[in-house]
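*Asks:* My structure is below; once you've seen it, I'll send some questions.
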Amino acid sequence: MAEGSETRDEAVGTPHPEATVGGGDARPDLRDLTLPELRAILGSLGEAPFRADQIWGFVYKRGHRTFAAMHTLSKELRARLEGELRFSDLPVLEVVRAGDGTEKFLFGLADGRAVESVLIPDGRRLTLCVSSQVGCAYACRFCLTGYRGFGRNLRPGEIVGQVMAAAAHAGADARITNLVFMGQGEPLANLDHVIAAIDILTQSSGLAISPRRITVSTVGLVPQMEELLRRTKVELAVSLHATTEASRSELVPSNRRYGLHALLAACAALPLAKRSRITFEYTMLDGVNDSDADRRRLAKLLRGTRCKVNLIPFNAFPEAPYRSSPLERIEAFAEGLRADGYAVMVRRTRGADVSAACGMLGRTEPKITH
Ligand code: SAH
């Protein structure tokens, strides 16, 4: 993607082209449908609504990947379903395992593109980091995905498919406990598909993942943040990364549209669920945003907002003109914020040896083309 500021500004809040998947196939994809949508389609076919719930169970509880496998449905119904609906699959092209047990998945999309997810075991937790878009249009200066430019939005089924495939790979004894929308893309620039995917993932008769265990991370798109919290009960993470307008505009170009102060005012006013807090993400860049003055400004900016702070050591790559703050600096920054009363976590870098860490996705070239 061109590096001009015009291009970056245009990216903010502009509707992105939709995926043209399915090769001109007009049938809706079963994988993209929420349960109420599936019920409506079956209703329009003259089928009893409970059929939708039955099919839902086959797909999301038992992991069936074809209509043919749904043996308890009559042959006629299976044939009819095949006539009315596509049933896409998300093939795993590659799984690479890092020394720390983190696994990175490369998925092949129907149009020949590819997208990644990262599965991160951590004690009792098993967190899947999913992508919401192919690439990203937001061009954050310290994010490799941002340097690679934007491909397209993912369909709901392509988001849910990442979870289904990772869960199948993890096996029957493992259970994905947490989901973070921190893979490729800006989830709130693909809001409707992300919300449909959340709806499917949290459906109690299917995967039944609690929305409290789903975190959506955003570069800070204010109206979409508000809409997300109106329409779902998920947790929100906001990428802050700087404590002045000038510095944030440099690091996170979308700051020119939704500035730091406006963003924080919007965060303070969000209708958070009881016990819920916003996570502010802050990638620690040596000599850029890690001074004591930054720490004091950050503490002041966040005062009054129900939040926690997640400090992320910078994962370096050749294109980015930054280094990570030394670990001692990160710890001192964290301690200073804690002394001011904030809950602070330092995110451990995971999967770096296979380019699976934060901001490292998109290096792998797609393996298939059409
Ligand atoms: N588009 C979303 C998700 C981004 S990935 C967002 O902007 O929030 C999740 C977090 O990792 C974000 O806070 C992002 O800014 C941060 N990140 C990106 N590249 C990074 C890198 N190279 N090192 C450390 N953190 C990075």
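Each chain of the structure tokens is named A, B, ... in the order shown, its residues numbered from 1; ligands are numbered from 1 in display order.
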Could you list the protein, DNA and RNA residues that have any atom within 6 Å of ligand 1, counting only C-alpha atoms and all ligand atoms, and write them as a count of residues only?
*Replies:* 21
*Asks:* Name the residues of segment 56-234 of chain A that fall into helix (DSSP H, G or I) according to DSSP on the backbone, using the chain letters and numbers of this document, as an MDAnalysis selection string.
*Replies:* chainID A and resid 56:61 75:84 144:148 156:170 187:202 211:213 222:231
*Asks:* Which residues of segment 107-170 of chain A come within 10 Å of segment 247-264 of chain A, and for each one, what is the closest pair of atoms and their distance in Å to one decimal, counting only C-alpha atoms, sorted by chain and residue number, as CSV?
*Replies:*
```
residue,atom,partner,partner_atom,distance
A:Ala137,CA,A:Ser254,CA,9.8
A:Tyr138,CA,A:Ser254,CA,6.6
A:Ala139,CA,A:Pro253,CA,6.8
A:Cys140,CA,A:Val252,CA,4.7
A:Arg141,CA,A:Leu251,CA,5.1
A:Phe142,CA,A:Leu251,CA,7.0
A:Cys143,CA,A:Leu251,CA,9.5
```
*Asks:* Tell me, in Å to one decimal, how far atom CA of Ala68 of chain A is from atom CA of Ile176 of chain A.
*Replies:* 27.4 Å
*Asks:* Could you name the residues that touch Ala273 of chain A at 9 Å or less, counting only C-alpha atoms, but leaving out those on the same chain fewer than 4 positions away, as an MDAnalysis selection string?
*Replies:* chainID A and resid 229 233 235 277
*Asks:* Could you dump the residues just selected with N, CA and C atoms as a PDB file, in the first residue's frame?
*Replies:*
```
ATOM      1  N   LEU A 229     -20.206  -2.446  21.509  1.00  0.00           N
ATOM      2  CA  LEU A 229     -20.654  -2.686  22.886  1.00  0.00           C
ATOM      3  C   LEU A 229     -22.172  -2.631  23.019  1.00  0.00           C
ATOM      4  N   LYS A 233     -21.604  -8.450  24.021  1.00  0.00           N
ATOM      5  CA  LYS A 233     -21.145  -8.322  25.407  1.00  0.00           C
ATOM      6  C   LYS A 233     -19.662  -8.657  25.536  1.00  0.00           C
ATOM      7  N   GLU A 235     -15.433  -8.119  25.466  1.00  0.00           N
ATOM      8  CA  GLU A 235     -14.490  -7.183  26.083  1.00  0.00           C
ATOM      9  C   GLU A 235     -13.795  -6.375  24.992  1.00  0.00           C
ATOM     10  N   ARG A 277     -13.693  -4.031  32.195  1.00  0.00           N
ATOM     11  CA  ARG A 277     -12.779  -2.887  32.077  1.00  0.00           C
ATOM     12  C   ARG A 277     -12.204  -2.856  30.671  1.00  0.00           C
TER      13      ARG A 277
END
```
*Asks:* My list of candidates is A:Leu30, A:Leu285, A:Ala110, A:Leu179. Which is closest to Cys129 of chain A when distances are computed with only C-alpha atoms?
*Replies:*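 Selected residue with least distance to Cys129 of chain A: A:Leu179.
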*Asks:* Fewer than 5 positions away in the same chain doesn't count, so skip those; otherwise give me all residues within 7 Å of segment 114-126 of chain A, counting only C-alpha atoms, as a ChimeraX atom specification.
*Replies:* /A:101-109,131,134,162,175-178,183,356,361,366
*Asks:* Work out how far atom CA of Ala196 of chain A is from atom CA of His64 of chain A, in Å to one decimal.
*Replies:* 20.2 Å
*Asks:* Could you work out how far atom CA of Leu240 of chain A lies from atom CA of Thr349 of chain A, giving the answer in Å with one decimal?
*Replies:*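 Computing it gives 18.5 Å between the two atoms.
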*Asks:* Determine the nearest neighbour of Val160 of chain A from the options A:Asp32, A:Glu226, A:Asp192, A:Glu331, counting only C-alpha atoms.
*Replies:*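 Comparing A:Asp32, A:Glu226, A:Asp192, A:Glu331 against Val160 of chain A, the winner is A:Asp32.
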*Asks:* Quick one: residues within 10 Å of Cys267 of chain A, only C-alpha atoms, excluding same-chain residues fewer than 5 positions away - as a compact mmCIF listing (two decimals) with all heavy atoms, in the first residue's frame?
*Replies:*
```txt
# COMPACT_ATOMS: atom_id res chain seq x y z
N GLY A 220 -9.01 2.08 17.45
CA GLY A 220 -9.69 3.21 18.07
C GLY A 220 -10.73 3.87 17.20
O GLY A 220 -10.81 5.10 17.13
N VAL A 222 -14.05 5.15 16.91
CA VAL A 222 -14.97 5.52 17.98
C VAL A 222 -16.43 5.07 17.75
O VAL A 222 -17.00 4.37 18.58
CB VAL A 222 -14.86 7.03 18.30
CG1 VAL A 222 -15.99 7.49 19.22
CG2 VAL A 222 -13.48 7.32 18.92
N MET A 225 -16.74 1.32 18.01
CA MET A 225 -16.53 0.82 19.38
C MET A 225 -17.84 0.86 20.15
O MET A 225 -18.22 -0.08 20.83
CB MET A 225 -15.57 1.79 20.10
CG MET A 225 -14.19 1.31 20.28
SD MET A 225 -13.07 2.66 20.76
CE MET A 225 -13.99 3.67 21.88
N GLU A 226 -18.52 2.00 20.00
CA GLU A 226 -19.79 2.16 20.71
C GLU A 226 -20.81 1.15 20.20
O GLU A 226 -21.54 0.54 20.98
CB GLU A 226 -20.29 3.61 20.53
CG GLU A 226 -19.37 4.58 21.25
CD GLU A 226 -19.53 6.05 20.82
OE1 GLU A 226 -20.19 6.32 19.79
OE2 GLU A 226 -18.97 6.91 21.52
N LEU A 236 -13.40 -5.16 25.36
CA LEU A 236 -12.79 -4.26 24.38
C LEU A 236 -11.35 -3.95 24.77
O LEU A 236 -11.06 -3.68 25.93
CB LEU A 236 -13.59 -2.96 24.34
CG LEU A 236 -13.18 -1.96 23.26
CD1 LEU A 236 -13.52 -2.47 21.86
CD2 LEU A 236 -13.87 -0.61 23.49
N VAL A 238 -8.18 -1.38 23.44
CA VAL A 238 -7.94 -0.21 22.59
C VAL A 238 -6.44 0.01 22.48
O VAL A 238 -5.73 0.07 23.49
CB VAL A 238 -8.64 1.04 23.18
CG1 VAL A 238 -8.29 2.28 22.36
CG2 VAL A 238 -10.15 0.84 23.23
N HIS A 261 -7.38 12.38 22.49
CA HIS A 261 -8.25 12.91 23.54
C HIS A 261 -9.71 12.57 23.28
O HIS A 261 -10.44 12.19 24.20
CB HIS A 261 -8.03 14.41 23.70
CG HIS A 261 -6.70 14.72 24.33
ND1 HIS A 261 -5.55 14.86 23.58
CD2 HIS A 261 -6.33 14.82 25.63
CE1 HIS A 261 -4.53 15.08 24.40
NE2 HIS A 261 -4.97 15.05 25.66
N ALA A 262 -10.12 12.65 22.01
CA ALA A 262 -11.50 12.29 21.67
C ALA A 262 -11.73 10.80 21.93
O ALA A 262 -12.78 10.39 22.45
CB ALA A 262 -11.78 12.61 20.21
N LEU A 272 -19.89 0.22 29.83
CA LEU A 272 -19.24 -1.07 30.12
C LEU A 272 -20.13 -1.92 31.01
O LEU A 272 -20.82 -1.41 31.89
CB LEU A 272 -17.92 -0.84 30.85
CG LEU A 272 -16.80 -0.16 30.07
CD1 LEU A 272 -15.53 -0.13 30.90
CD2 LEU A 272 -16.54 -0.90 28.75
N ILE A 278 -11.90 -1.67 30.19
CA ILE A 278 -11.24 -1.56 28.89
C ILE A 278 -9.77 -1.89 29.09
O ILE A 278 -9.16 -1.48 30.08
CB ILE A 278 -11.36 -0.13 28.34
CG1 ILE A 278 -12.82 0.25 28.15
CG2 ILE A 278 -10.59 0.01 27.02
CD1 ILE A 278 -13.02 1.69 27.71
N LEU A 302 -5.63 8.41 31.70
CA LEU A 302 -6.54 7.27 31.97
C LEU A 302 -7.34 7.46 33.25
O LEU A 302 -8.22 6.65 33.55
CB LEU A 302 -5.74 5.96 32.05
CG LEU A 302 -4.96 5.57 30.79
CD1 LEU A 302 -4.33 4.19 30.94
CD2 LEU A 302 -5.87 5.59 29.55
N THR A 305 -11.14 6.37 34.05
CA THR A 305 -11.67 5.36 33.12
C THR A 305 -11.44 3.98 33.73
O THR A 305 -10.35 3.70 34.20
CB THR A 305 -10.94 5.44 31.76
OG1 THR A 305 -11.11 6.75 31.24
CG2 THR A 305 -11.51 4.44 30.77
N ARG A 306 -12.50 3.16 33.73
CA ARG A 306 -12.34 1.79 34.26
C ARG A 306 -11.49 1.00 33.27
O ARG A 306 -11.95 0.68 32.18
CB ARG A 306 -13.70 1.14 34.43
CG ARG A 306 -14.00 0.87 35.89
CD ARG A 306 -15.43 0.63 36.15
NE ARG A 306 -15.95 -0.51 35.43
CZ ARG A 306 -17.22 -0.62 35.05
NH1 ARG A 306 -18.07 0.36 35.28
NH2 ARG A 306 -17.64 -1.70 34.43
N CYS A 307 -10.25 0.71 33.66
CA CYS A 307 -9.36 0.13 32.65
C CYS A 307 -8.24 -0.69 33.28
O CYS A 307 -8.03 -0.69 34.48
CB CYS A 307 -8.73 1.25 31.82
SG CYS A 307 -7.61 2.31 32.73
```
*Asks:* My list of candidates is A:Tyr322, A:Tyr342, A:Phe317, A:Tyr60. Which is closest to Thr279 of chain A when distances are computed with only C-alpha atoms?
*Replies:*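 Counting only C-alpha atoms, the residue closest to Thr279 of chain A is A:Tyr342.
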